[in-house]
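For reference, target17.cif is printed below; it contains mmCIF, C-alpha atoms.
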data_final
loop_
_atom_site.label_atom_id
_atom_site.label_comp_id
_atom_site.auth_asym_id
_atom_site.auth_seq_id
_atom_site.Cartn_x
_atom_site.Cartn_y
_atom_site.Cartn_z
CA MET A 1 7.43 -37.97 -60.69
CA GLU A 2 9.94 -36.61 -58.17
CA PHE A 3 13.25 -35.60 -59.69
CA SER A 4 16.38 -33.67 -58.86
CA LEU A 5 16.38 -30.09 -60.09
CA CYS A 6 19.95 -30.35 -61.29
CA ASN A 7 19.07 -33.33 -63.51
CA GLU A 8 16.96 -31.04 -65.66
CA MET A 9 19.09 -27.95 -65.95
CA LYS A 10 21.82 -27.21 -63.48
CA ASN A 11 24.03 -30.24 -64.06
CA ASN A 12 24.34 -29.22 -67.70
CA ASN A 13 26.07 -25.98 -66.77
CA LEU A 14 27.66 -25.73 -63.36
CA GLU A 15 28.43 -22.10 -64.09
CA ASN A 16 24.83 -21.44 -63.04
CA ASN A 17 25.61 -22.88 -59.62
CA ILE A 18 28.71 -20.85 -58.75
CA ILE A 19 28.35 -18.91 -55.51
CA ARG A 20 29.21 -15.35 -56.47
CA GLU A 21 30.91 -12.56 -54.52
CA ILE A 22 33.24 -14.90 -52.62
CA PRO A 23 36.79 -16.13 -53.24
CA SER A 24 36.86 -18.92 -55.81
CA LEU A 25 35.48 -21.48 -55.88
CA ALA A 26 32.21 -22.94 -54.57
CA TYR A 27 29.20 -24.51 -56.27
CA TYR A 28 25.80 -24.93 -54.61
CA LEU A 29 23.20 -27.29 -56.10
CA PRO A 30 19.82 -27.40 -54.34
CA ASN A 31 17.80 -30.61 -54.59
CA PHE A 32 20.81 -32.56 -55.86
CA ILE A 33 19.19 -35.71 -54.52
CA THR A 34 15.51 -36.60 -54.21
CA LYS A 35 13.44 -37.00 -51.06
CA ALA A 36 13.49 -40.77 -51.64
CA ASP A 37 17.31 -40.69 -51.88
CA GLU A 38 17.47 -38.72 -48.64
CA GLU A 39 15.19 -41.17 -46.83
CA GLU A 40 17.27 -44.12 -48.06
CA ILE A 41 20.52 -42.51 -46.89
CA ILE A 42 19.14 -41.76 -43.43
CA LYS A 43 17.73 -45.28 -43.12
CA CYS A 44 21.01 -46.93 -44.15
CA VAL A 45 23.08 -44.67 -41.88
CA ASN A 46 20.86 -45.38 -38.89
CA LYS A 47 20.98 -49.15 -39.34
CA THR A 48 24.79 -49.23 -39.67
CA PRO A 49 26.27 -51.47 -36.92
CA GLN A 50 27.57 -49.60 -33.89
CA PRO A 51 31.25 -50.60 -34.39
CA LYS A 52 31.28 -48.60 -37.63
CA TRP A 53 30.58 -45.40 -35.70
CA THR A 54 33.26 -43.21 -34.13
CA GLN A 55 31.94 -41.12 -31.24
CA LEU A 56 33.46 -37.65 -30.82
CA SER A 57 32.65 -35.09 -28.17
CA ASN A 58 30.44 -33.02 -30.44
CA ARG A 59 29.18 -35.51 -33.04
CA ARG A 60 29.64 -39.05 -34.33
CA LEU A 61 30.89 -40.23 -37.72
CA GLN A 62 31.50 -43.13 -40.09
CA ASN A 63 34.37 -43.65 -42.56
CA TRP A 64 33.63 -45.48 -45.82
CA GLY A 65 36.32 -46.41 -48.33
CA GLY A 66 38.97 -46.66 -45.63
CA ILE A 67 40.59 -44.39 -43.05
CA PRO A 68 42.87 -41.74 -44.63
CA HIS A 69 46.44 -41.91 -43.32
CA LEU A 70 49.79 -40.31 -44.13
CA LYS A 71 51.16 -43.75 -45.02
CA GLY A 72 48.25 -44.49 -47.32
CA MET A 73 44.59 -45.42 -46.93
CA LEU A 74 43.83 -49.13 -46.71
CA ALA A 75 41.05 -49.21 -49.25
CA GLU A 76 37.78 -50.96 -48.59
CA LYS A 77 34.81 -51.38 -50.90
CA ILE A 78 32.17 -48.68 -50.60
CA PRO A 79 28.62 -50.12 -50.36
CA SER A 80 26.27 -49.63 -53.29
CA TRP A 81 23.93 -47.30 -51.38
CA LEU A 82 26.82 -44.84 -51.15
CA GLN A 83 28.67 -45.66 -54.38
CA LYS A 84 25.82 -44.32 -56.48
CA TYR A 85 26.38 -40.83 -55.06
CA ILE A 86 30.07 -41.02 -55.92
CA GLU A 87 29.02 -41.81 -59.48
CA LYS A 88 26.41 -39.03 -59.48
CA ILE A 89 28.98 -36.45 -58.38
CA SER A 90 31.58 -37.80 -60.82
CA LYS A 91 29.18 -37.08 -63.69
CA LEU A 92 29.45 -33.38 -62.86
CA ASN A 93 33.10 -33.50 -64.05
CA VAL A 94 34.20 -31.39 -61.10
CA PHE A 95 36.90 -33.82 -60.03
CA GLU A 96 39.80 -33.88 -62.44
CA GLU A 97 40.40 -36.87 -64.70
CA MET A 98 41.46 -40.01 -62.80
CA LYS A 99 40.45 -38.39 -59.50
CA GLU A 100 37.10 -40.09 -58.93
CA PRO A 101 36.09 -39.88 -55.26
CA ASN A 102 37.08 -42.95 -53.23
CA HIS A 103 36.16 -41.93 -49.68
CA ILE A 104 32.98 -40.85 -47.89
CA LEU A 105 32.89 -39.39 -44.39
CA ILE A 106 29.44 -39.46 -42.80
CA ASN A 107 28.82 -37.02 -39.94
CA GLU A 108 25.74 -36.98 -37.74
CA TYR A 109 24.95 -33.60 -36.15
CA LEU A 110 22.24 -33.41 -33.52
CA PRO A 111 20.67 -29.99 -32.81
CA GLY A 112 23.20 -27.96 -30.87
CA GLN A 113 26.20 -29.82 -32.30
CA GLY A 114 28.79 -28.42 -34.69
CA ILE A 115 32.45 -28.45 -35.65
CA MET A 116 35.31 -26.00 -35.03
CA PRO A 117 36.98 -24.04 -37.86
CA HIS A 118 39.10 -26.47 -39.87
CA SER A 119 40.35 -27.34 -43.35
CA ASP A 120 40.20 -30.73 -45.05
CA GLY A 121 43.95 -30.87 -45.29
CA PRO A 122 46.63 -32.51 -47.45
CA LEU A 123 45.39 -36.10 -47.18
CA PHE A 124 42.74 -35.30 -49.79
CA HIS A 125 42.74 -34.05 -53.35
CA PRO A 126 41.80 -30.35 -52.95
CA ILE A 127 38.13 -30.72 -53.87
CA VAL A 128 35.44 -31.51 -51.33
CA SER A 129 31.77 -32.26 -52.02
CA THR A 130 29.07 -32.50 -49.33
CA ILE A 131 25.50 -33.77 -49.50
CA SER A 132 23.22 -32.72 -46.64
CA CYS A 133 20.31 -34.84 -45.40
CA GLY A 134 17.62 -34.42 -42.77
CA SER A 135 18.24 -30.84 -41.71
CA HIS A 136 19.74 -27.59 -42.91
CA THR A 137 22.85 -26.07 -41.40
CA VAL A 138 24.85 -22.87 -41.82
CA LEU A 139 28.48 -23.29 -42.80
CA ASP A 140 30.74 -20.41 -41.71
CA PHE A 141 34.02 -19.50 -43.43
CA TYR A 142 37.12 -17.95 -41.94
CA GLU A 143 40.20 -16.65 -43.69
CA ARG A 144 43.30 -18.51 -42.62
CA LEU A 145 45.74 -15.93 -41.22
CA GLU A 146 49.32 -17.02 -40.75
CA THR A 147 52.62 -15.33 -40.05
CA GLU A 148 55.96 -17.06 -40.47
CA LYS A 149 55.59 -19.04 -37.25
CA VAL A 150 52.39 -18.04 -35.49
CA GLU A 151 48.89 -18.74 -36.75
CA LYS A 152 46.56 -15.92 -35.78
CA THR A 153 42.90 -16.27 -34.84
CA PRO A 154 40.98 -16.79 -38.08
CA LYS A 155 38.73 -13.94 -39.21
CA TYR A 156 35.09 -14.63 -40.09
CA GLN A 157 34.23 -13.84 -43.72
CA PHE A 158 30.84 -15.24 -44.84
CA SER A 159 28.44 -18.19 -44.61
CA PHE A 160 26.45 -20.63 -46.76
CA LEU A 161 23.04 -22.08 -46.01
CA LEU A 162 23.10 -25.82 -46.73
CA GLU A 163 19.58 -27.13 -47.28
CA PRO A 164 18.50 -30.77 -47.01
CA ARG A 165 19.24 -32.69 -50.23
CA SER A 166 21.69 -30.05 -51.46
CA LEU A 167 25.25 -30.48 -52.73
CA LEU A 168 28.11 -28.11 -51.92
CA ILE A 169 31.45 -28.31 -53.76
CA LEU A 170 34.55 -26.43 -52.57
CA LYS A 171 37.85 -26.12 -54.43
CA GLU A 172 40.77 -23.82 -55.32
CA ASN A 173 41.39 -20.83 -53.04
CA LEU A 174 38.37 -21.60 -50.87
CA TYR A 175 39.78 -25.05 -50.15
CA HIS A 176 43.39 -24.03 -49.51
CA ASN A 177 43.15 -20.68 -47.73
CA TYR A 178 39.88 -20.77 -45.79
CA LEU A 179 38.59 -22.68 -42.78
CA HIS A 180 34.97 -23.74 -42.41
CA SER A 181 32.90 -24.51 -39.33
CA ILE A 182 29.39 -25.09 -37.94
CA ASP A 183 28.36 -23.23 -34.80
CA GLU A 184 26.91 -25.28 -31.94
CA LYS A 185 23.36 -23.92 -32.14
CA ASN A 186 19.79 -25.18 -32.07
CA GLU A 187 18.64 -22.60 -34.60
CA ASP A 188 19.98 -20.33 -37.31
CA ILE A 189 18.92 -16.82 -38.25
CA ILE A 190 18.89 -15.93 -41.92
CA SER A 191 21.12 -12.96 -42.68
CA GLU A 192 21.09 -11.60 -46.21
CA ASP A 193 24.41 -9.89 -45.57
CA ARG A 194 26.25 -12.94 -44.23
CA ILE A 195 24.77 -15.88 -46.19
CA LYS A 196 26.05 -15.66 -49.78
CA ASN A 197 24.13 -18.44 -51.55
CA LEU A 198 20.53 -17.50 -50.73
CA TYR A 199 19.80 -16.69 -54.39
CA LEU A 200 20.66 -20.31 -55.31
CA CYS A 201 18.55 -21.93 -52.59
CA SER A 202 15.41 -23.94 -53.31
CA GLU A 203 13.21 -21.73 -51.13
CA ASN A 204 12.81 -18.00 -50.64
CA TYR A 205 14.00 -17.10 -47.16
CA LEU A 206 13.21 -13.90 -45.33
CA ASN A 207 15.89 -11.80 -43.68
CA GLN A 208 16.01 -12.61 -39.94
CA GLN A 209 13.91 -15.74 -40.48
CA ILE A 210 14.62 -18.38 -37.82
CA LEU A 211 15.31 -21.96 -38.94
CA LEU A 212 15.21 -24.70 -36.30
CA ARG A 213 17.77 -27.47 -36.68
CA SER A 214 16.97 -31.17 -36.50
CA THR A 215 19.32 -34.14 -36.94
CA ARG A 216 21.56 -33.63 -39.96
CA ILE A 217 23.45 -36.36 -41.81
CA SER A 218 26.22 -35.12 -44.09
CA LEU A 219 28.05 -37.13 -46.74
CA THR A 220 31.48 -35.61 -47.40
CA ILE A 221 32.74 -37.18 -50.61
CA ARG A 222 36.44 -36.78 -51.51
CA HIS A 223 39.38 -38.36 -53.31
CA VAL A 224 42.28 -39.76 -51.28
CA PRO A 225 45.33 -39.81 -53.59
CA LYS A 226 47.55 -42.01 -51.43
CA VAL A 227 46.06 -45.50 -51.18
CA SER A 228 47.93 -48.55 -49.95
CA LYS A 229 48.29 -51.40 -52.42
CA MET A 230 47.03 -53.72 -49.70
CA LYS A 231 43.29 -54.21 -49.76
CA LEU A 232 41.33 -54.26 -46.52
CA LYS A 233 39.29 -57.45 -46.36
CA ILE A 234 36.26 -57.65 -44.10
CA GLY A 235 35.17 -61.14 -43.12
CA LYS A 236 36.14 -64.15 -45.19
#
Now that the file is in, can you turn its structure into structure tokens?
Amino acid sequence: MEFSLCNEMKNNNLENNIIREIPSLAYYLPNFITKADEEEIIKCVNKTPQPKWTQLSNRRLQNWGGIPHLKGMLAEKIPSWLQKYIEKISKLNVFEEMKEPNHILINEYLPGQGIMPHSDGPLFHPIVSTISCGSHTVLDFYERLETEKVEKTPKYQFSFLLEPRSLLILKENLYHNYLHSIDEKNEDIISEDRIKNLYLCSENYLNQQILLRSTRISLTIRHVPKVSKMKLKIGK
């Protein structure tokens, strides 16, 4: 029977999943979801009606749970095929009490697509969890460098390899003081010096090994603290 590796051992002690030798704090869980879960997610994402998609220049995305806003997110019900992953992550007890995730951002990255260095920002509780489906990617981290008024060009620090079906959790210093990005590439080259979570990955990768990208679907699962008391109603 197919099962998630973390169900057997790693969920019981997240200390085993801490990515070492980086600023605190990141957890990496390979095989957090099963192949069947991954196939279901990709199927449901692909059959989502076109109006739910937002097309950007370098990728397209879906918001579930509402659209975060400074004035408060108008909450909408998250469908069951996504809600079960909120519950699965909540069981890890990574989010503080009463901070269960209530928002999922789905990004679709085609080969050659990526995202510029950014942070998740103040609209979210400072914990971010991401499930990857369909393809690997390499997530690069940059230290945020600021003076009193001028923000300098961020300085590259290290990378993580995100495998299909894996879960990455970022919090604390890594959330507040670092930017993360995905280069616009068709392939990634494994570097033992740059990629800091190779020892936690589900496979043994060789230094300088080339990994070809395919279409990647990411589920970024977060908690939005400020939610409007008004409920968004769809249909009747």
inquiry  = Could you tell me, as a PyMOL selection string, exactly which residues end up selected when the PyMOL selection byres ((chain A and resi 100) around 12) is applied to this structure?
reply    = chain A and resi 83+85-99+101-104+124-125+127-129+221-225
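Matched in the shown structure by the PyMOL selection byres ((chain A and resi 54-68) around 7): Lys52, Trp53, His69, Gly72, Met73, Leu74, Ala75, Glu76, Lys77, Ile78, Asn102, His103, Ile104, Leu105, Ile106, Asn107, Glu108, Tyr109, Gln113, Gly114, Leu123 and Val224 of chain A.
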Selection result for the PyMOL selection byres ((chain A and resi 133) around 12) on this file, as a PDB file with C-alpha atoms, keeping the file's coordinate frame:
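selection-v1.pdb, freshly written:
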ATOM      1  CA  PRO A  30      19.820 -27.400 -54.340  1.00  0.00           C
ATOM      2  CA  ASN A  31      17.800 -30.610 -54.590  1.00  0.00           C
ATOM      3  CA  PHE A  32      20.810 -32.560 -55.860  1.00  0.00           C
ATOM      4  CA  ILE A  33      19.190 -35.710 -54.520  1.00  0.00           C
ATOM      5  CA  THR A  34      15.510 -36.600 -54.210  1.00  0.00           C
ATOM      6  CA  LYS A  35      13.440 -37.000 -51.060  1.00  0.00           C
ATOM      7  CA  ALA A  36      13.490 -40.770 -51.640  1.00  0.00           C
ATOM      8  CA  ASP A  37      17.310 -40.690 -51.880  1.00  0.00           C
ATOM      9  CA  GLU A  38      17.470 -38.720 -48.640  1.00  0.00           C
ATOM     10  CA  GLU A  39      15.190 -41.170 -46.830  1.00  0.00           C
ATOM     11  CA  GLU A  40      17.270 -44.120 -48.060  1.00  0.00           C
ATOM     12  CA  ILE A  41      20.520 -42.510 -46.890  1.00  0.00           C
ATOM     13  CA  ILE A  42      19.140 -41.760 -43.430  1.00  0.00           C
ATOM     14  CA  LYS A  43      17.730 -45.280 -43.120  1.00  0.00           C
ATOM     15  CA  VAL A  45      23.080 -44.670 -41.880  1.00  0.00           C
ATOM     16  CA  ILE A 106      29.440 -39.460 -42.800  1.00  0.00           C
ATOM     17  CA  ASN A 107      28.820 -37.020 -39.940  1.00  0.00           C
ATOM     18  CA  GLU A 108      25.740 -36.980 -37.740  1.00  0.00           C
ATOM     19  CA  TYR A 109      24.950 -33.600 -36.150  1.00  0.00           C
ATOM     20  CA  THR A 130      29.070 -32.500 -49.330  1.00  0.00           C
ATOM     21  CA  ILE A 131      25.500 -33.770 -49.500  1.00  0.00           C
ATOM     22  CA  SER A 132      23.220 -32.720 -46.640  1.00  0.00           C
ATOM     23  CA  GLY A 134      17.620 -34.420 -42.770  1.00  0.00           C
ATOM     24  CA  SER A 135      18.240 -30.840 -41.710  1.00  0.00           C
ATOM     25  CA  HIS A 136      19.740 -27.590 -42.910  1.00  0.00           C
ATOM     26  CA  THR A 137      22.850 -26.070 -41.400  1.00  0.00           C
ATOM     27  CA  LEU A 162      23.100 -25.820 -46.730  1.00  0.00           C
ATOM     28  CA  GLU A 163      19.580 -27.130 -47.280  1.00  0.00           C
ATOM     29  CA  PRO A 164      18.500 -30.770 -47.010  1.00  0.00           C
ATOM     30  CA  ARG A 165      19.240 -32.690 -50.230  1.00  0.00           C
ATOM     31  CA  SER A 166      21.690 -30.050 -51.460  1.00  0.00           C
ATOM     32  CA  LEU A 167      25.250 -30.480 -52.730  1.00  0.00           C
ATOM     33  CA  ARG A 213      17.770 -27.470 -36.680  1.00  0.00           C
ATOM     34  CA  SER A 214      16.970 -31.170 -36.500  1.00  0.00           C
ATOM     35  CA  THR A 215      19.320 -34.140 -36.940  1.00  0.00           C
ATOM     36  CA  ARG A 216      21.560 -33.630 -39.960  1.00  0.00           C
ATOM     37  CA  ILE A 217      23.450 -36.360 -41.810  1.00  0.00           C
ATOM     38  CA  SER A 218      26.220 -35.120 -44.090  1.00  0.00           C
ATOM     39  CA  LEU A 219      28.050 -37.130 -46.740  1.00  0.00           C
ATOM     40  CA  THR A 220      31.480 -35.610 -47.400  1.00  0.00           C
TER      41      THR A 220
END
Radius query 6 Å about (26.2, -25.1, -52.7), atoms used: all atoms listed in the file, as a PyMOL selection string = chain A and resi 27-29+167-168
Take the residues from that selection and put them in a file with C-alpha atoms, as a compact mmCIF listing (two decimals), in the frame of the given file.
# COMPACT_ATOMS: atom_id res chain seq x y z
CA TYR A 27 29.20 -24.51 -56.27
CA TYR A 28 25.80 -24.93 -54.61
CA LEU A 29 23.20 -27.29 -56.10
CA LEU A 167 25.25 -30.48 -52.73
CA LEU A 168 28.11 -28.11 -51.92
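Residue nearest Gln208 of chain A, chosen from A:Arg194, A:Arg20, A:Lys226, A:His180 and counting all atoms listed in the file: A:Arg194.
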query = Neighbours of Tyr156 of chain A within 8 Å (only C-alpha atoms; same-chain residues fewer than 2 positions away dropped), as number ranges by chain?
reply = A: 140-143, 154, 158
Mind writing the picked residues with C-alpha atoms as a PDB file, in the coordinates of the input?
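Result file is selection_32.pdb:
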ATOM      1  CA  ASP A 140      30.740 -20.410 -41.710  1.00  0.00           C
ATOM      2  CA  PHE A 141      34.020 -19.500 -43.430  1.00  0.00           C
ATOM      3  CA  TYR A 142      37.120 -17.950 -41.940  1.00  0.00           C
ATOM      4  CA  GLU A 143      40.200 -16.650 -43.690  1.00  0.00           C
ATOM      5  CA  PRO A 154      40.980 -16.790 -38.080  1.00  0.00           C
ATOM      6  CA  PHE A 158      30.840 -15.240 -44.840  1.00  0.00           C
TER       7      PHE A 158
END
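Compared by their closest atoms to Pro117 of chain A, and using only C-alpha atoms, the residues A:Leu25, A:Leu145, A:Pro79, A:Asp183 rank with A:Asp183 nearest.
For the pair atom CA of Asn16 of chain A and atom CA of Ile189 of chain A, the interatomic distance is 25.9 Å.
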Option closest in space to Cys44 of chain A, from A:Asn177, A:Ser80, A:Asn17, A:Asn186 [counting all atoms listed in the file] = A:Ser80
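Interatomic distance, atom CA of Asp120 of chain A against atom CA of Leu170 of chain A: 10.3 Å.
Here atom CA of Ile195 of chain A and atom CA of Pro126 of chain A stand 23.3 Å from one another.
Restricting the calculation to all atoms listed in the file, the smallest distance between Asp193 of chain A and any of A:Glu172, A:Met116, A:Ser159, A:Ser181 is found for A:Ser159.
With all atoms listed in the file as the atoms that count, the residue of A:Arg144, A:Leu212, A:Asn13, A:Lys47 with the shortest distance to His176 of chain A is A:Arg144.
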inquiry  = At a cut-off of 9 Å, using only C-alpha atoms, what residues contact Glu192 of chain A? Leave out same-chain residues fewer than 6 positions from it and give the result as a ChimeraX atom specification.
reply    = /A:198,206-208
Dump N, CA, C and O atoms of segment 215-231 of chain A from the given block, as a PDB file, in the first residue's frame.
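Produced file decode24.pdb, reproduced below:
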ATOM      1  N   THR A 215       5.798  20.698 -15.793  1.00  0.00           N
ATOM      2  CA  THR A 215       4.828  21.602 -15.170  1.00  0.00           C
ATOM      3  C   THR A 215       4.732  21.312 -13.677  1.00  0.00           C
ATOM      4  O   THR A 215       4.537  20.178 -13.252  1.00  0.00           O
ATOM      5  N   ARG A 216       4.878  22.357 -12.884  1.00  0.00           N
ATOM      6  CA  ARG A 216       4.800  22.236 -11.423  1.00  0.00           C
ATOM      7  C   ARG A 216       3.575  22.980 -10.911  1.00  0.00           C
ATOM      8  O   ARG A 216       3.315  24.117 -11.296  1.00  0.00           O
ATOM      9  N   ILE A 217       2.830  22.322 -10.033  1.00  0.00           N
ATOM     10  CA  ILE A 217       1.713  22.934  -9.311  1.00  0.00           C
ATOM     11  C   ILE A 217       2.120  23.033  -7.852  1.00  0.00           C
ATOM     12  O   ILE A 217       2.479  22.038  -7.225  1.00  0.00           O
ATOM     13  N   SER A 218       2.089  24.243  -7.310  1.00  0.00           N
ATOM     14  CA  SER A 218       2.429  24.417  -5.890  1.00  0.00           C
ATOM     15  C   SER A 218       1.208  24.881  -5.117  1.00  0.00           C
ATOM     16  O   SER A 218       0.427  25.709  -5.596  1.00  0.00           O
ATOM     17  N   LEU A 219       1.041  24.331  -3.925  1.00  0.00           N
ATOM     18  CA  LEU A 219      -0.013  24.732  -2.999  1.00  0.00           C
ATOM     19  C   LEU A 219       0.663  25.456  -1.838  1.00  0.00           C
ATOM     20  O   LEU A 219       1.353  24.829  -1.025  1.00  0.00           O
ATOM     21  N   THR A 220       0.512  26.779  -1.780  1.00  0.00           N
ATOM     22  CA  THR A 220       1.063  27.554  -0.683  1.00  0.00           C
ATOM     23  C   THR A 220      -0.046  27.780   0.333  1.00  0.00           C
ATOM     24  O   THR A 220      -1.033  28.457   0.048  1.00  0.00           O
ATOM     25  N   ILE A 221       0.116  27.201   1.501  1.00  0.00           N
ATOM     26  CA  ILE A 221      -0.940  27.129   2.509  1.00  0.00           C
ATOM     27  C   ILE A 221      -0.536  27.998   3.694  1.00  0.00           C
ATOM     28  O   ILE A 221       0.501  27.765   4.330  1.00  0.00           O
ATOM     29  N   ARG A 222      -1.383  29.013   3.997  1.00  0.00           N
ATOM     30  CA  ARG A 222      -1.022  30.020   5.010  1.00  0.00           C
ATOM     31  C   ARG A 222      -2.252  30.396   5.838  1.00  0.00           C
ATOM     32  O   ARG A 222      -3.381  30.030   5.509  1.00  0.00           O
ATOM     33  N   HIS A 223      -1.996  31.175   6.880  1.00  0.00           N
ATOM     34  CA  HIS A 223      -3.077  31.727   7.701  1.00  0.00           C
ATOM     35  C   HIS A 223      -3.143  33.229   7.498  1.00  0.00           C
ATOM     36  O   HIS A 223      -2.140  33.932   7.654  1.00  0.00           O
ATOM     37  N   VAL A 224      -4.333  33.730   7.136  1.00  0.00           N
ATOM     38  CA  VAL A 224      -4.579  35.163   7.013  1.00  0.00           C
ATOM     39  C   VAL A 224      -5.264  35.620   8.300  1.00  0.00           C
ATOM     40  O   VAL A 224      -6.407  35.243   8.565  1.00  0.00           O
ATOM     41  N   PRO A 225      -4.581  36.418   9.132  1.00  0.00           N
ATOM     42  CA  PRO A 225      -5.178  36.817  10.416  1.00  0.00           C
ATOM     43  C   PRO A 225      -6.387  37.731  10.272  1.00  0.00           C
ATOM     44  O   PRO A 225      -7.349  37.617  11.039  1.00  0.00           O
ATOM     45  N   LYS A 226      -6.330  38.650   9.322  1.00  0.00           N
ATOM     46  CA  LYS A 226      -7.378  39.660   9.197  1.00  0.00           C
ATOM     47  C   LYS A 226      -8.419  39.203   8.185  1.00  0.00           C
ATOM     48  O   LYS A 226      -8.171  39.213   6.977  1.00  0.00           O
ATOM     49  N   VAL A 227      -9.566  38.777   8.692  1.00  0.00           N
ATOM     50  CA  VAL A 227     -10.652  38.274   7.846  1.00  0.00           C
ATOM     51  C   VAL A 227     -11.894  39.111   8.100  1.00  0.00           C
ATOM     52  O   VAL A 227     -12.262  39.360   9.257  1.00  0.00           O
ATOM     53  N   SER A 228     -12.535  39.559   7.048  1.00  0.00           N
ATOM     54  CA  SER A 228     -13.750  40.344   7.178  1.00  0.00           C
ATOM     55  C   SER A 228     -14.856  39.489   7.764  1.00  0.00           C
ATOM     56  O   SER A 228     -14.938  38.284   7.518  1.00  0.00           O
ATOM     57  N   LYS A 229     -15.712  40.112   8.563  1.00  0.00           N
ATOM     58  CA  LYS A 229     -16.844  39.386   9.142  1.00  0.00           C
ATOM     59  C   LYS A 229     -17.877  39.024   8.087  1.00  0.00           C
ATOM     60  O   LYS A 229     -18.694  38.129   8.284  1.00  0.00           O
ATOM     61  N   MET A 230     -17.853  39.723   6.960  1.00  0.00           N
ATOM     62  CA  MET A 230     -18.744  39.392   5.859  1.00  0.00           C
ATOM     63  C   MET A 230     -18.265  38.131   5.180  1.00  0.00           C
ATOM     64  O   MET A 230     -17.085  37.933   4.965  1.00  0.00           O
ATOM     65  N   LYS A 231     -19.166  37.246   4.860  1.00  0.00           N
ATOM     66  CA  LYS A 231     -18.830  36.016   4.170  1.00  0.00           C
ATOM     67  C   LYS A 231     -19.110  36.176   2.679  1.00  0.00           C
ATOM     68  O   LYS A 231     -20.145  36.718   2.288  1.00  0.00           O
TER      69      LYS A 231
END
